[in-house]
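Structure file my_file.csv (CSV, C-alpha atoms and all ligand atoms) is printed below.
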```csv
chain,number,residue,atom,x,y,z
A,1,MET,CA,79.8,172.8,64.4
A,2,SER,CA,81.8,175.1,66.6
A,3,ALA,CA,85.5,175.4,66.0
A,4,ASP,CA,87.9,173.4,68.2
A,5,PRO,CA,90.0,176.0,70.1
A,6,ALA,CA,92.8,173.5,70.4
A,7,THR,CA,93.2,173.5,66.6
A,8,THR,CA,92.2,177.0,65.7
A,9,GLY,CA,94.9,178.5,67.9
A,10,LEU,CA,92.8,181.6,69.0
A,11,PRO,CA,94.9,183.9,71.1
A,12,GLY,CA,94.7,183.1,74.7
A,13,GLN,CA,93.0,179.8,74.1
A,14,LEU,CA,96.1,177.5,74.2
A,15,PRO,CA,98.2,176.5,77.1
A,16,ARG,CA,101.1,178.8,77.8
A,17,ILE,CA,104.4,177.1,76.6
A,18,ARG,CA,107.8,178.2,78.0
A,19,SER,CA,109.4,180.7,75.6
A,20,ALA,CA,112.6,178.7,75.8
A,21,LEU,CA,110.9,176.1,73.6
A,22,ASP,CA,110.4,178.7,70.8
A,23,GLU,CA,114.1,178.4,69.9
A,24,LEU,CA,114.0,174.6,69.8
A,25,VAL,CA,113.3,172.2,67.0
A,26,SER,CA,112.7,168.6,68.0
A,27,PHE,CA,115.6,166.2,67.8
A,28,ARG,CA,115.8,165.0,64.2
A,29,GLN,CA,115.8,161.4,63.4
A,30,SER,CA,116.2,160.4,59.7
A,31,GLU,CA,113.3,158.7,58.0
A,32,PRO,CA,113.7,155.2,56.8
A,33,ILE,CA,114.3,155.5,53.0
A,34,ARG,CA,114.3,152.8,50.3
A,35,SER,CA,116.2,152.5,47.0
A,36,PRO,CA,114.0,151.5,44.0
A,37,GLU,CA,115.0,147.9,44.7
A,38,GLY,CA,113.7,148.2,48.2
A,39,HIS,CA,117.1,148.4,50.0
A,40,TYR,CA,117.6,150.4,53.2
A,41,PHE,CA,121.0,150.9,54.8
A,42,PRO,CA,120.7,152.7,58.1
A,43,LEU,CA,123.9,154.7,58.5
A,44,ALA,CA,122.5,157.8,60.1
A,45,ALA,CA,122.5,157.2,63.9
A,46,ASN,CA,125.9,155.7,64.8
A,47,GLU,CA,124.2,152.5,66.0
A,48,SER,CA,125.8,149.1,66.3
A,49,PRO,CA,125.1,147.0,63.2
A,50,HIS,CA,125.0,143.8,65.3
A,51,GLU,CA,121.9,142.2,66.7
A,52,PRO,CA,121.9,141.7,70.5
A,53,LEU,CA,124.0,138.8,71.7
A,54,PRO,CA,122.2,135.6,72.7
A,55,ALA,CA,122.9,136.1,76.4
A,56,VAL,CA,121.5,139.6,76.2
A,57,VAL,CA,118.4,138.4,74.4
A,58,ARG,CA,117.9,135.8,77.1
A,59,ALA,CA,118.2,138.5,79.8
A,60,ILE,CA,115.6,140.6,77.9
A,61,HIS,CA,113.2,137.7,77.7
A,62,GLU,CA,113.5,136.9,81.3
A,63,ALA,CA,113.1,140.6,82.4
A,64,ALA,CA,110.1,141.0,80.1
A,65,LEU,CA,108.2,138.5,82.3
A,66,GLY,CA,108.4,141.0,85.1
A,67,VAL,CA,107.2,144.2,83.4
A,68,ASN,CA,104.0,144.3,85.4
A,69,ARG,CA,106.3,145.5,88.3
A,70,TYR,CA,108.2,148.8,88.5
A,71,PRO,CA,111.9,148.5,87.9
A,72,ASP,CA,114.6,149.0,90.6
A,73,ASN,CA,114.7,152.8,90.8
A,74,ALA,CA,118.2,152.6,92.3
A,75,CYS,CA,119.5,150.4,89.5
A,76,ALA,CA,121.5,148.6,92.2
A,77,ASP,CA,122.6,145.5,90.3
A,78,LEU,CA,123.5,147.5,87.2
A,79,ILE,CA,125.5,150.0,89.3
A,80,SER,CA,127.3,147.2,91.1
A,81,GLU,CA,128.2,145.5,87.7
A,82,ILE,CA,129.5,148.9,86.3
A,83,SER,CA,131.4,149.5,89.5
A,84,ALA,CA,133.2,146.1,89.2
A,85,ARG,CA,133.8,146.4,85.5
A,86,LEU,CA,135.3,149.9,85.7
A,87,ALA,CA,136.8,149.6,89.1
A,88,VAL,CA,135.1,152.8,90.4
A,89,PRO,CA,133.1,153.0,93.6
A,90,GLU,CA,129.3,152.5,93.3
A,91,ASP,CA,128.8,155.9,94.9
A,92,ASP,CA,130.5,157.6,92.0
A,93,ILE,CA,128.0,156.1,89.4
A,94,ALA,CA,124.6,157.4,88.3
A,95,VAL,CA,122.5,155.7,85.7
A,96,GLY,CA,119.9,157.3,83.4
A,97,CYS,CA,117.7,156.9,80.3
A,98,GLY,CA,120.5,156.9,77.8
A,99,SER,CA,123.4,159.2,78.2
A,100,VAL,CA,121.2,161.9,76.8
A,101,GLY,CA,119.0,161.3,79.8
A,102,VAL,CA,122.0,161.6,82.1
A,103,ALA,CA,123.2,164.8,80.4
A,104,GLN,CA,119.7,166.2,81.0
A,105,MET,CA,120.0,165.2,84.7
A,106,LEU,CA,123.4,166.9,84.8
A,107,LEU,CA,121.9,170.1,83.5
A,108,GLU,CA,119.0,169.9,85.9
A,109,ALA,CA,121.5,169.5,88.7
A,110,VAL,CA,123.7,172.5,87.9
A,111,ALA,CA,122.3,174.8,85.3
A,112,GLU,CA,119.6,177.1,86.7
A,113,PRO,CA,118.2,179.7,84.4
A,114,GLY,CA,120.8,182.4,83.6
A,115,ALA,CA,123.7,179.9,83.8
A,116,GLU,CA,125.9,179.4,80.8
A,117,VAL,CA,126.7,176.0,79.2
A,118,LEU,CA,129.7,175.8,77.1
A,119,TYR,CA,130.5,173.4,74.3
A,120,ALA,CA,132.3,173.1,71.0
A,121,TRP,CA,130.2,173.5,67.8
A,122,ARG,CA,129.6,171.5,65.8
A,123,SER,CA,129.2,168.8,68.3
A,124,PHE,CA,126.4,166.5,69.6
A,125,GLU,CA,123.1,168.0,68.7
A,126,ALA,CA,121.5,167.3,72.0
A,127,TYR,CA,123.7,169.8,73.8
A,128,PRO,CA,121.9,172.9,72.6
A,129,ILE,CA,118.5,171.3,73.0
A,130,LEU,CA,119.1,170.2,76.6
A,131,THR,CA,120.8,173.5,77.5
A,132,ARG,CA,117.8,175.5,76.3
A,133,LEU,CA,115.4,173.1,77.9
A,134,ALA,CA,117.1,173.8,81.2
A,135,GLY,CA,116.6,177.5,80.7
A,136,ALA,CA,120.4,178.0,80.5
A,137,THR,CA,122.3,179.9,77.9
A,138,PRO,CA,124.3,178.0,75.3
A,139,VAL,CA,127.8,179.3,74.6
A,140,GLU,CA,129.2,177.7,71.4
A,141,VAL,CA,132.8,177.8,70.5
A,142,ALA,CA,133.6,176.9,66.9
A,143,LEU,CA,135.7,173.9,66.2
A,144,LYS,CA,139.2,174.6,64.9
A,145,ASP,CA,140.3,172.2,62.1
A,146,GLY,CA,137.5,169.9,63.0
A,147,THR,CA,138.6,169.7,66.7
A,148,HIS,CA,137.7,171.3,69.9
A,149,ASP,CA,139.5,174.7,70.3
A,150,LEU,CA,140.2,174.3,73.9
A,151,ASP,CA,142.1,177.6,74.3
A,152,ALA,CA,139.1,179.5,72.9
A,153,MET,CA,136.8,177.4,75.1
A,154,ALA,CA,138.8,178.2,78.2
A,155,GLU,CA,138.7,181.9,77.3
A,156,ALA,CA,134.9,181.7,76.9
A,157,ILE,CA,134.4,180.6,80.5
A,158,THR,CA,132.7,183.3,82.7
A,159,ASP,CA,131.6,183.3,86.3
A,160,ARG,CA,128.2,182.2,85.0
A,161,THR,CA,129.5,179.0,83.3
A,162,ARG,CA,128.2,176.0,85.2
A,163,LEU,CA,128.8,173.2,82.8
A,164,VAL,CA,131.2,172.5,79.9
A,165,PHE,CA,130.6,169.6,77.5
A,166,VAL,CA,133.8,168.0,76.0
A,167,CYS,CA,132.9,165.4,73.4
A,168,ASN,CA,135.8,163.0,73.0
A,169,PRO,CA,135.7,161.6,70.3
A,170,ASN,CA,133.6,164.4,68.9
A,171,ASN,CA,130.3,163.8,67.2
A,172,PRO,CA,130.1,164.4,64.2
A,173,THR,CA,133.7,164.9,63.3
A,174,GLY,CA,135.2,161.8,65.0
A,175,THR,CA,138.2,163.9,66.1
A,176,VAL,CA,139.9,163.4,69.5
A,177,LEU,CA,141.6,165.3,72.2
A,178,HIS,CA,144.9,164.1,73.7
A,179,ARG,CA,145.9,164.0,77.4
A,180,PRO,CA,148.2,167.0,77.6
A,181,GLU,CA,145.8,169.4,75.9
A,182,LEU,CA,142.8,168.1,77.9
A,183,GLU,CA,144.6,168.3,81.2
A,184,ALA,CA,145.8,171.8,80.5
A,185,PHE,CA,142.2,172.8,79.7
A,186,LEU,CA,140.9,171.1,82.9
A,187,ASP,CA,143.4,173.1,84.9
A,188,ARG,CA,142.0,176.3,83.5
A,189,VAL,CA,138.3,175.5,84.4
A,190,PRO,CA,137.2,176.9,87.8
A,191,ALA,CA,136.7,174.1,90.4
A,192,ASP,CA,133.0,174.9,90.8
A,193,CYS,CA,132.2,174.4,87.1
A,194,LEU,CA,131.4,170.9,86.0
A,195,VAL,CA,133.2,169.4,83.0
A,196,VAL,CA,131.3,166.6,81.3
A,197,VAL,CA,133.6,164.4,79.2
A,198,ASP,CA,131.2,162.7,76.9
A,199,GLU,CA,132.7,159.4,75.9
A,200,ALA,CA,129.9,157.8,74.0
A,201,TYR,CA,132.4,156.4,71.5
A,202,ARG,CA,135.2,155.6,73.9
A,203,GLU,CA,135.4,151.9,72.9
A,204,TYR,CA,136.2,152.7,69.3
A,205,VAL,CA,139.3,154.8,70.1
A,206,ARG,CA,142.6,153.2,69.0
A,207,ASP,CA,144.8,156.3,69.5
A,208,ASP,CA,146.9,155.7,72.7
A,209,GLY,CA,147.2,159.5,73.2
A,210,VAL,CA,143.5,159.8,74.0
A,211,PRO,CA,143.0,159.5,77.8
A,212,ASP,CA,140.3,157.3,79.3
A,213,GLY,CA,138.2,160.1,80.9
A,214,LEU,CA,138.1,158.1,84.2
A,215,THR,CA,141.9,158.8,84.6
A,216,LEU,CA,141.3,162.5,84.5
A,217,ARG,CA,139.1,162.4,87.6
A,218,PRO,CA,141.7,162.0,90.5
A,219,GLY,CA,142.1,165.4,92.1
A,220,ARG,CA,139.4,166.9,89.8
A,221,PRO,CA,136.0,166.5,91.5
A,222,ASN,CA,134.4,168.7,88.8
A,223,VAL,CA,135.1,166.1,86.1
A,224,VAL,CA,132.2,163.8,85.1
A,225,VAL,CA,132.5,161.1,82.5
A,226,LEU,CA,129.5,160.1,80.4
A,227,ARG,CA,129.2,156.6,78.9
A,228,THR,CA,126.5,154.8,77.1
A,229,PHE,CA,125.3,151.3,76.3
A,230,SER,CA,123.9,152.5,73.0
A,231,LYS,CA,127.0,152.2,70.8
A,232,ALA,CA,129.6,149.5,71.5
A,233,TYR,CA,127.2,147.5,73.7
A,234,GLY,CA,124.5,147.7,71.0
A,235,LEU,CA,121.5,148.6,73.2
A,236,ALA,CA,120.5,151.9,71.6
A,237,GLY,CA,116.8,150.8,71.6
A,238,LEU,CA,116.8,150.2,75.3
A,239,ARG,CA,118.1,153.6,76.5
A,240,VAL,CA,120.7,153.2,79.2
A,241,GLY,CA,123.7,155.5,79.9
A,242,PHE,CA,125.6,156.4,83.0
A,243,ALA,CA,127.9,159.0,84.6
A,244,VAL,CA,130.9,158.5,86.7
A,245,GLY,CA,131.8,161.5,88.9
A,246,HIS,CA,132.4,162.7,92.4
A,247,PRO,CA,129.9,161.2,94.9
A,248,ALA,CA,128.4,164.6,95.5
A,249,VAL,CA,127.7,165.0,91.8
A,250,ALA,CA,126.4,161.4,91.4
A,251,ASP,CA,124.1,162.1,94.4
A,252,ALA,CA,122.8,165.2,92.8
A,253,LEU,CA,122.1,163.2,89.6
A,254,ARG,CA,120.1,160.6,91.5
A,255,LYS,CA,117.9,163.5,92.8
A,256,ALA,CA,117.6,165.0,89.4
A,257,CYS,CA,116.5,161.7,87.8
A,258,PRO,CA,112.8,161.3,87.1
A,259,PRO,CA,111.6,158.2,89.0
A,260,PHE,CA,111.9,154.8,87.2
A,261,SER,CA,113.8,156.3,84.2
A,262,VAL,CA,115.7,153.1,83.4
A,263,ASN,CA,113.3,150.3,82.8
A,264,GLY,CA,113.9,146.8,84.1
A,265,VAL,CA,114.4,145.2,80.7
A,266,ALA,CA,117.1,147.8,80.0
A,267,GLN,CA,118.8,147.2,83.3
A,268,ALA,CA,118.9,143.4,82.8
A,269,ALA,CA,120.2,143.8,79.2
A,270,ALA,CA,122.9,146.2,80.3
A,271,ILE,CA,124.1,143.8,83.0
A,272,ALA,CA,124.1,140.9,80.5
A,273,ALA,CA,126.0,143.0,78.0
A,274,LEU,CA,128.6,144.0,80.5
A,275,ARG,CA,129.2,140.3,81.2
A,276,GLU,CA,129.8,139.7,77.4
A,277,GLN,CA,132.9,141.8,77.3
A,278,ASP,CA,134.9,139.6,74.9
A,279,ALA,CA,132.1,139.5,72.3
A,280,MET,CA,131.6,143.2,72.6
A,281,THR,CA,135.3,143.8,72.1
A,282,ALA,CA,135.3,141.6,69.0
A,283,ARG,CA,132.4,143.4,67.5
A,284,VAL,CA,133.9,146.8,68.2
A,285,GLU,CA,137.1,145.6,66.6
A,286,SER,CA,135.3,144.6,63.5
A,287,THR,CA,133.7,148.0,63.3
A,288,VAL,CA,137.1,149.7,63.8
A,289,LYS,CA,138.5,147.5,60.9
A,290,GLU,CA,135.5,148.5,58.7
A,291,ARG,CA,136.0,152.2,59.6
A,292,GLU,CA,139.6,152.1,58.4
A,293,ARG,CA,138.5,150.2,55.2
A,294,VAL,CA,135.8,152.7,54.4
A,295,HIS,CA,138.2,155.6,55.2
A,296,HIS,CA,140.8,154.3,52.8
A,297,THR,CA,138.4,153.4,50.1
A,298,LEU,CA,136.9,156.9,50.2
A,299,ALA,CA,140.4,158.4,50.0
A,300,GLY,CA,141.0,156.2,47.0
A,301,GLN,CA,137.9,157.6,45.4
A,302,GLY,CA,139.3,161.1,45.9
A,303,TRP,CA,137.2,162.1,49.0
A,304,HIS,CA,138.7,163.9,51.9
A,305,THR,CA,137.6,162.3,55.1
A,306,THR,CA,138.8,163.3,58.6
A,307,PRO,CA,140.5,160.3,60.4
A,308,SER,CA,137.9,159.1,62.9
A,309,SER,CA,138.2,157.5,66.3
A,310,ALA,CA,134.5,156.7,66.5
A,311,ASN,CA,132.0,154.4,64.7
A,312,PHE,CA,131.3,157.0,62.0
A,313,LEU,CA,133.2,159.2,59.4
A,314,TRP,CA,132.8,162.8,58.6
A,315,LEU,CA,132.9,164.2,55.0
A,316,ASP,CA,133.4,167.9,54.7
A,317,LEU,CA,131.2,168.6,51.7
A,318,GLY,CA,130.1,172.2,52.2
A,319,ASP,CA,127.5,173.3,49.7
A,320,GLY,CA,127.5,169.8,48.1
A,321,THR,CA,126.1,168.2,51.2
A,322,GLY,CA,122.4,168.1,50.2
A,323,ASP,CA,123.2,166.7,46.7
A,324,PHE,CA,125.4,164.0,48.1
A,325,ALA,CA,122.9,163.0,50.8
A,326,GLY,CA,120.1,162.9,48.2
A,327,HIS,CA,122.2,160.7,45.9
A,328,CYS,CA,122.9,158.3,48.8
A,329,ALA,CA,119.3,158.3,49.8
A,330,SER,CA,118.3,157.3,46.3
A,331,ALA,CA,120.5,154.2,46.8
A,332,GLY,CA,118.8,153.5,50.1
A,333,VAL,CA,121.7,154.8,52.2
A,334,ALA,CA,120.6,156.9,55.1
A,335,LEU,CA,123.3,159.2,56.5
A,336,ARG,CA,123.2,162.3,58.5
A,337,PRO,CA,123.6,165.5,56.5
A,338,PHE,CA,124.3,168.9,58.1
A,339,ALA,CA,123.3,171.4,55.5
A,340,GLY,CA,126.1,173.5,54.1
A,341,GLU,CA,128.7,171.6,56.2
A,342,GLY,CA,129.0,167.9,55.5
A,343,VAL,CA,127.7,164.5,56.2
A,344,ARG,CA,128.3,162.0,59.0
A,345,VAL,CA,128.1,158.4,57.9
A,346,SER,CA,128.0,155.6,60.5
A,347,ILE,CA,130.1,152.5,60.1
A,348,GLY,CA,127.7,149.6,59.6
A,349,SER,CA,128.0,146.0,58.5
A,350,PRO,CA,130.4,145.3,55.6
A,351,ALA,CA,127.4,145.1,53.2
A,352,GLU,CA,126.0,148.4,54.4
A,353,ASN,CA,129.4,150.0,54.1
A,354,ASP,CA,129.8,148.6,50.6
A,355,ALA,CA,126.4,150.1,49.6
A,356,PHE,CA,127.6,153.5,50.9
A,357,LEU,CA,130.9,153.2,49.1
A,358,ALA,CA,129.1,152.3,45.9
A,359,ALA,CA,126.9,155.3,46.2
A,360,ALA,CA,129.9,157.6,47.0
A,361,ALA,CA,131.7,156.2,43.9
A,362,SER,CA,128.8,156.7,41.6
A,363,PHE,CA,128.3,160.3,42.9
A,364,ARG,CA,132.0,160.9,42.0
A,365,ARG,CA,131.5,159.4,38.5
A,366,THR,CA,128.3,161.3,37.7
A,367,ARG,CA,128.8,164.6,39.5
A,368,GLY,CA,132.5,164.9,39.9
B,1,LIG,N1,126.8,161.5,73.4
B,1,LIG,C1,127.1,161.6,72.1
B,1,LIG,C2,128.4,162.3,71.8
B,1,LIG,C3,126.4,160.9,71.2
B,1,LIG,O1,126.7,161.0,69.9
B,1,LIG,C4,125.2,160.2,71.6
B,1,LIG,C5,124.4,159.4,70.6
B,1,LIG,N2,124.2,159.9,69.4
B,1,LIG,C6,124.9,160.2,72.9
B,1,LIG,C7,125.7,160.9,73.8
B,1,LIG,C8,123.6,159.7,73.4
B,1,LIG,O2,123.5,158.4,73.5
B,1,LIG,P1,122.4,157.6,74.3
B,1,LIG,O3,121.4,158.7,74.8
B,1,LIG,O4,121.8,156.7,73.3
B,1,LIG,O5,123.1,157.0,75.4
```

Give the structure from the file, written as structure tokens.
Amino acid sequence: MSADPATTGLPGQLPRIRSALDELVSFRQSEPIRSPEGHYFPLAANESPHEPLPAVVRAIHEAALGVNRYPDNACADLISEISARLAVPEDDIAVGCGSVGVAQMLLEAVAEPGAEVLYAWRSFEAYPILTRLAGATPVEVALKDGTHDLDAMAEAITDRTRLVFVCNPNNPTGTVLHRPELEAFLDRVPADCLVVVDEAYREYVRDDGVPDGLTLRPGRPNVVVLRTFSKAYGLAGLRVGFAVGHPAVADALRKACPPFSVNGVAQAAAIAALREQDAMTARVESTVKERERVHHTLAGQGWHTTPSSANFLWLDLGDGTGDFAGHCASAGVALRPFAGEGVRVSIGSPAENDAFLAAAASFRRTRG
């Protein structure tokens, strides 16, 4: 039998892949793990621990009956609902397949090859992936004390910088930027460079000094705010996110959006979720309470955790990261380790959080 060239990899026999992809690894998702008793506590992806609300499930069922048809490519009803909810004009809104999808559209819109894309590091792992995919050059500015170093970021802007990501609260540290520092930074960014304020975790913020990104927009047409239905609204599995920006930017985003990116079930669910504002707020409030409980319990166990404004906590564990993550995994607790740096643990249901706290306590007892 002759060898299959697709698997033998003979030189010149395989399709040519863009060299930009050589530097990429696929986005990592943690594997489901089980404790010896068969328990699995998924605290790796900052998801909502709550099942969809009944009204959302009803909307999903109803929309499922129409999936033989293409969805509304303009997402008109969803945009109208977002517009009413946030009191922003419909023309300022663009919807995409998760806020990751919208971030990719933003890069498609502004970051041609050779452009620089600036962001703090460590921050959301999709930024370097999407930047390289766009053929642009990532410029990473180290966090200072776990927070964006906005002075260093402003100094890193060149005439090639086309887009700056500001993640507020930051993933994975949970730290926030306050209005004066953020406004001072925005005043230093050239008007033709887009600043994307990624507010995936906005609903979990309880610090009054943190501005709603939408209030940074007046007089600043280069500011775009990124929001998602994946966290507070509990629709991570359906993939809907949106941007609010200047109409010219929103228009560019619509052009950069692959056709039919947001499916009809997702659109219907997002509309229904927006109409369940009180229930969403109550669920977020319970997560915030749990976040504070987990934070204080960890402190009582002797851990140092950064105060968080999001639905996760960051533990700075340095070289101990792998050991700690392995120990938690053996108890069925999946969290997100960053080798040599620390772990990010999502706030789940009280029972999931208790499982994590028990694993953290037993690690302390057995390994100090
Ligand atoms: N931005 C940040 C900072 C995130 O942490 C995440 C999810 N992990 C996203 C955006 C993406 O969310 P989605 O694509 O599900 O909307």

Please build the interface table for chain A against ligand LIG 1 (chain B) with a cut-off of 10 Å, listing for each qualifying residue the nearest atom pair and the distance in Å to one decimal; count only C-alpha atoms and all ligand atoms, order rows by chain and increasing number, and write it as a Markdown table.
```
| residue | atom | partner | partner_atom | distance |
| --- | --- | --- | --- | --- |
| A:Ala44 | CA | B:LIG1 | N2 | 9.7 |
| A:Ala45 | CA | B:LIG1 | N2 | 6.4 |
| A:Asn46 | CA | B:LIG1 | N2 | 6.5 |
| A:Glu47 | CA | B:LIG1 | N2 | 8.1 |
| A:Gly96 | CA | B:LIG1 | O5 | 8.6 |
| A:Cys97 | CA | B:LIG1 | O3 | 6.9 |
| A:Gly98 | CA | B:LIG1 | O5 | 3.5 |
| A:Ser99 | CA | B:LIG1 | O5 | 3.6 |
| A:Val100 | CA | B:LIG1 | O3 | 3.8 |
| A:Gly101 | CA | B:LIG1 | O3 | 6.1 |
| A:Val102 | CA | B:LIG1 | O3 | 7.9 |
| A:Ala103 | CA | B:LIG1 | C7 | 8.1 |
| A:Gln104 | CA | B:LIG1 | O3 | 9.9 |
| A:Ser123 | CA | B:LIG1 | C2 | 7.4 |
| A:Phe124 | CA | B:LIG1 | C2 | 5.1 |
| A:Glu125 | CA | B:LIG1 | O1 | 8.0 |
| A:Ala126 | CA | B:LIG1 | C7 | 7.9 |
| A:Tyr127 | CA | B:LIG1 | N1 | 8.9 |
| A:Phe165 | CA | B:LIG1 | C2 | 9.5 |
| A:Val166 | CA | B:LIG1 | C2 | 8.9 |
| A:Cys167 | CA | B:LIG1 | C2 | 5.7 |
| A:Asn168 | CA | B:LIG1 | C2 | 7.5 |
| A:Pro169 | CA | B:LIG1 | C2 | 7.5 |
| A:Asn170 | CA | B:LIG1 | C2 | 6.3 |
| A:Asn171 | CA | B:LIG1 | C2 | 5.2 |
| A:Pro172 | CA | B:LIG1 | O1 | 7.5 |
| A:Gly174 | CA | B:LIG1 | C2 | 9.6 |
| A:Val197 | CA | B:LIG1 | C2 | 9.3 |
| A:Asp198 | CA | B:LIG1 | N1 | 5.7 |
| A:Glu199 | CA | B:LIG1 | C2 | 6.6 |
| A:Ala200 | CA | B:LIG1 | N1 | 4.9 |
| A:Tyr201 | CA | B:LIG1 | C2 | 7.1 |
| A:Arg202 | CA | B:LIG1 | C2 | 9.8 |
| A:Leu226 | CA | B:LIG1 | N1 | 7.6 |
| A:Arg227 | CA | B:LIG1 | O5 | 7.0 |
| A:Thr228 | CA | B:LIG1 | O5 | 4.4 |
| A:Phe229 | CA | B:LIG1 | O5 | 6.2 |
| A:Ser230 | CA | B:LIG1 | O4 | 4.7 |
| A:Lys231 | CA | B:LIG1 | O4 | 7.3 |
| A:Gly234 | CA | B:LIG1 | O4 | 9.7 |
| A:Leu235 | CA | B:LIG1 | O4 | 8.1 |
| A:Ala236 | CA | B:LIG1 | O4 | 5.3 |
| A:Gly237 | CA | B:LIG1 | O4 | 7.9 |
| A:Leu238 | CA | B:LIG1 | O4 | 8.4 |
| A:Arg239 | CA | B:LIG1 | O4 | 5.8 |
| A:Val240 | CA | B:LIG1 | O5 | 5.9 |
| A:Gly241 | CA | B:LIG1 | O5 | 4.8 |
| A:Phe242 | CA | B:LIG1 | O5 | 8.0 |
| A:Ala310 | CA | B:LIG1 | O1 | 9.5 |
| A:Asn311 | CA | B:LIG1 | O1 | 9.9 |
| A:Phe312 | CA | B:LIG1 | O1 | 10.0 |
```

Subject >> atom CA of Ala59 of chain A to atom CA of Ala243 of chain A, distance in Å rounded to a single decimal >> reply: 23.2 Å

Original post:
For the point (129.8, 167.8, 50.9) in file coordinates, what residues are within 12 Å, counting all atoms listed in the file? Give the answer as JSON, numbers by chain?
Top reply: {"A": [303, 304, 305, 314, 315, 316, 317, 318, 319, 320, 321, 322, 323, 324, 325, 326, 327, 328, 336, 337, 338, 339, 340, 341, 342, 343, 344, 345, 360, 363, 364, 367, 368]}

Original post:
From the list A:Leu143, A:Val189, A:Ala232, A:Cys75, which residue is nearest Ala273 of chain A when using only C-alpha atoms?
Top reply: A:Ala232

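Among A:Pro52, A:Gly135, A:Pro221, A:Pro71, the residue with the shortest atom-to-atom distance to Phe260 of chain A, counting all atoms listed in the file, is A:Pro71.
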
Subject >> Which residue of A:Leu163, A:Leu150, A:Ala87, A:Ile33 approaches Ser330 of chain A most closely, using all atoms listed in the file >> reply: A:Ile33

**OP:** Select, from A:Leu182, A:Val262, A:Ile60, A:Leu14, the residue with the minimum atom-to-atom distance to Ala74 of chain A, counting only C-alpha atoms.
**Re:**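 Checking each of A:Leu182, A:Val262, A:Ile60, A:Leu14 against Ala74 of chain A, counting only C-alpha atoms, the winner is A:Val262.
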
Subject >> Top pick for closest residue to Val195 of chain A, considering A:Ala120, A:Val164, A:Ile347, A:Ala20 and counting all atoms listed in the file >> reply: A:Val164

Original post:
Within 8 Å of segment 288-294 of chain A, counting only C-alpha atoms, which residues qualify if same-chain residues fewer than 4 places away don't, as a PyMOL selection string?
Top reply: chain A and resi 204+284+298+308+310-313+347-350+353+357

Original post:
What lies within 12 Å of Val110 of chain A using all atoms listed in the file, ignoring chain neighbours under 3 positions off, as a PyMOL selection string?
Top reply: chain A and resi 103-107+113-117+131+134-136+160-164+192-196+222+248-250+252-253+255-256

Subject >> Two-atom distance - atom CA of Pro247 of chain A, atom CA of Leu86 of chain A (Å) >> reply: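 Straight-line distance from atom CA of Pro247 of chain A to atom CA of Leu86 of chain A works out to 15.5 Å.
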
Subject >> Leu186 of chain A surroundings by all atoms listed in the file, 9 Å radius, close-in-sequence under 6 positions cut, as a list in words >> reply: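 After dropping sequence-adjacent residues, the list is Ala154, Val195, Leu216, Arg220 and Val223 of chain A.
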
Expected file: the selected residues, C-alpha atoms, as a short mmCIF file (atom, residue, chain, number, x, y, z; two decimals), in the frame of the given file:
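Wrote it out as selection.cif, contents follow:
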```cif
data_model
loop_
_atom_site.label_atom_id
_atom_site.label_comp_id
_atom_site.auth_asym_id
_atom_site.auth_seq_id
_atom_site.Cartn_x
_atom_site.Cartn_y
_atom_site.Cartn_z
CA ALA A 154 138.80 178.20 78.20
CA VAL A 195 133.20 169.40 83.00
CA LEU A 216 141.30 162.50 84.50
CA ARG A 220 139.40 166.90 89.80
CA VAL A 223 135.10 166.10 86.10
#
```

Original post:
Between A:Glu81, A:Asp159, A:Asp151, A:Glu352, which has the minimum distance to Ile271 of chain A (counting all atoms listed in the file)?
Top reply: A:Glu81

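Note that the spacing between atom CA of Leu43 of chain A and atom CA of Val176 of chain A amounts to 21.3 Å.
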
**OP:** Please write as a VMD selection string the list of polymer residues whose atoms come within 10 Å of (125.3, 141.0, 78.7), counting all atoms listed in the file and keeping to the coordinates of the file.
**Re:** chain A and resid 52 to 60 233 268 to 277 279 to 280

Output requested as a PDB file, keeping the file's coordinate frame - segment 280-286 of chain A, filled out with N, CA and C atoms.
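Just written: part16.pdb:
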```pdb
ATOM      1  N   MET A 280     131.715 141.772  72.942  1.00  0.00           N
ATOM      2  CA  MET A 280     131.600 143.200  72.600  1.00  0.00           C
ATOM      3  C   MET A 280     132.872 143.719  72.012  1.00  0.00           C
ATOM      4  N   THR A 281     133.997 143.353  72.612  1.00  0.00           N
ATOM      5  CA  THR A 281     135.300 143.800  72.100  1.00  0.00           C
ATOM      6  C   THR A 281     135.515 143.363  70.668  1.00  0.00           C
ATOM      7  N   ALA A 282     135.149 142.115  70.385  1.00  0.00           N
ATOM      8  CA  ALA A 282     135.300 141.600  69.000  1.00  0.00           C
ATOM      9  C   ALA A 282     134.463 142.351  68.034  1.00  0.00           C
ATOM     10  N   ARG A 283     133.249 142.671  68.443  1.00  0.00           N
ATOM     11  CA  ARG A 283     132.400 143.400  67.500  1.00  0.00           C
ATOM     12  C   ARG A 283     132.885 144.831  67.288  1.00  0.00           C
ATOM     13  N   VAL A 284     133.363 145.451  68.346  1.00  0.00           N
ATOM     14  CA  VAL A 284     133.900 146.800  68.200  1.00  0.00           C
ATOM     15  C   VAL A 284     135.132 146.747  67.267  1.00  0.00           C
ATOM     16  N   GLU A 285     135.949 145.706  67.451  1.00  0.00           N
ATOM     17  CA  GLU A 285     137.100 145.600  66.600  1.00  0.00           C
ATOM     18  C   GLU A 285     136.756 145.452  65.137  1.00  0.00           C
ATOM     19  N   SER A 286     135.685 144.710  64.863  1.00  0.00           N
ATOM     20  CA  SER A 286     135.300 144.600  63.500  1.00  0.00           C
ATOM     21  C   SER A 286     134.787 145.920  62.912  1.00  0.00           C
TER      22      SER A 286
END
```
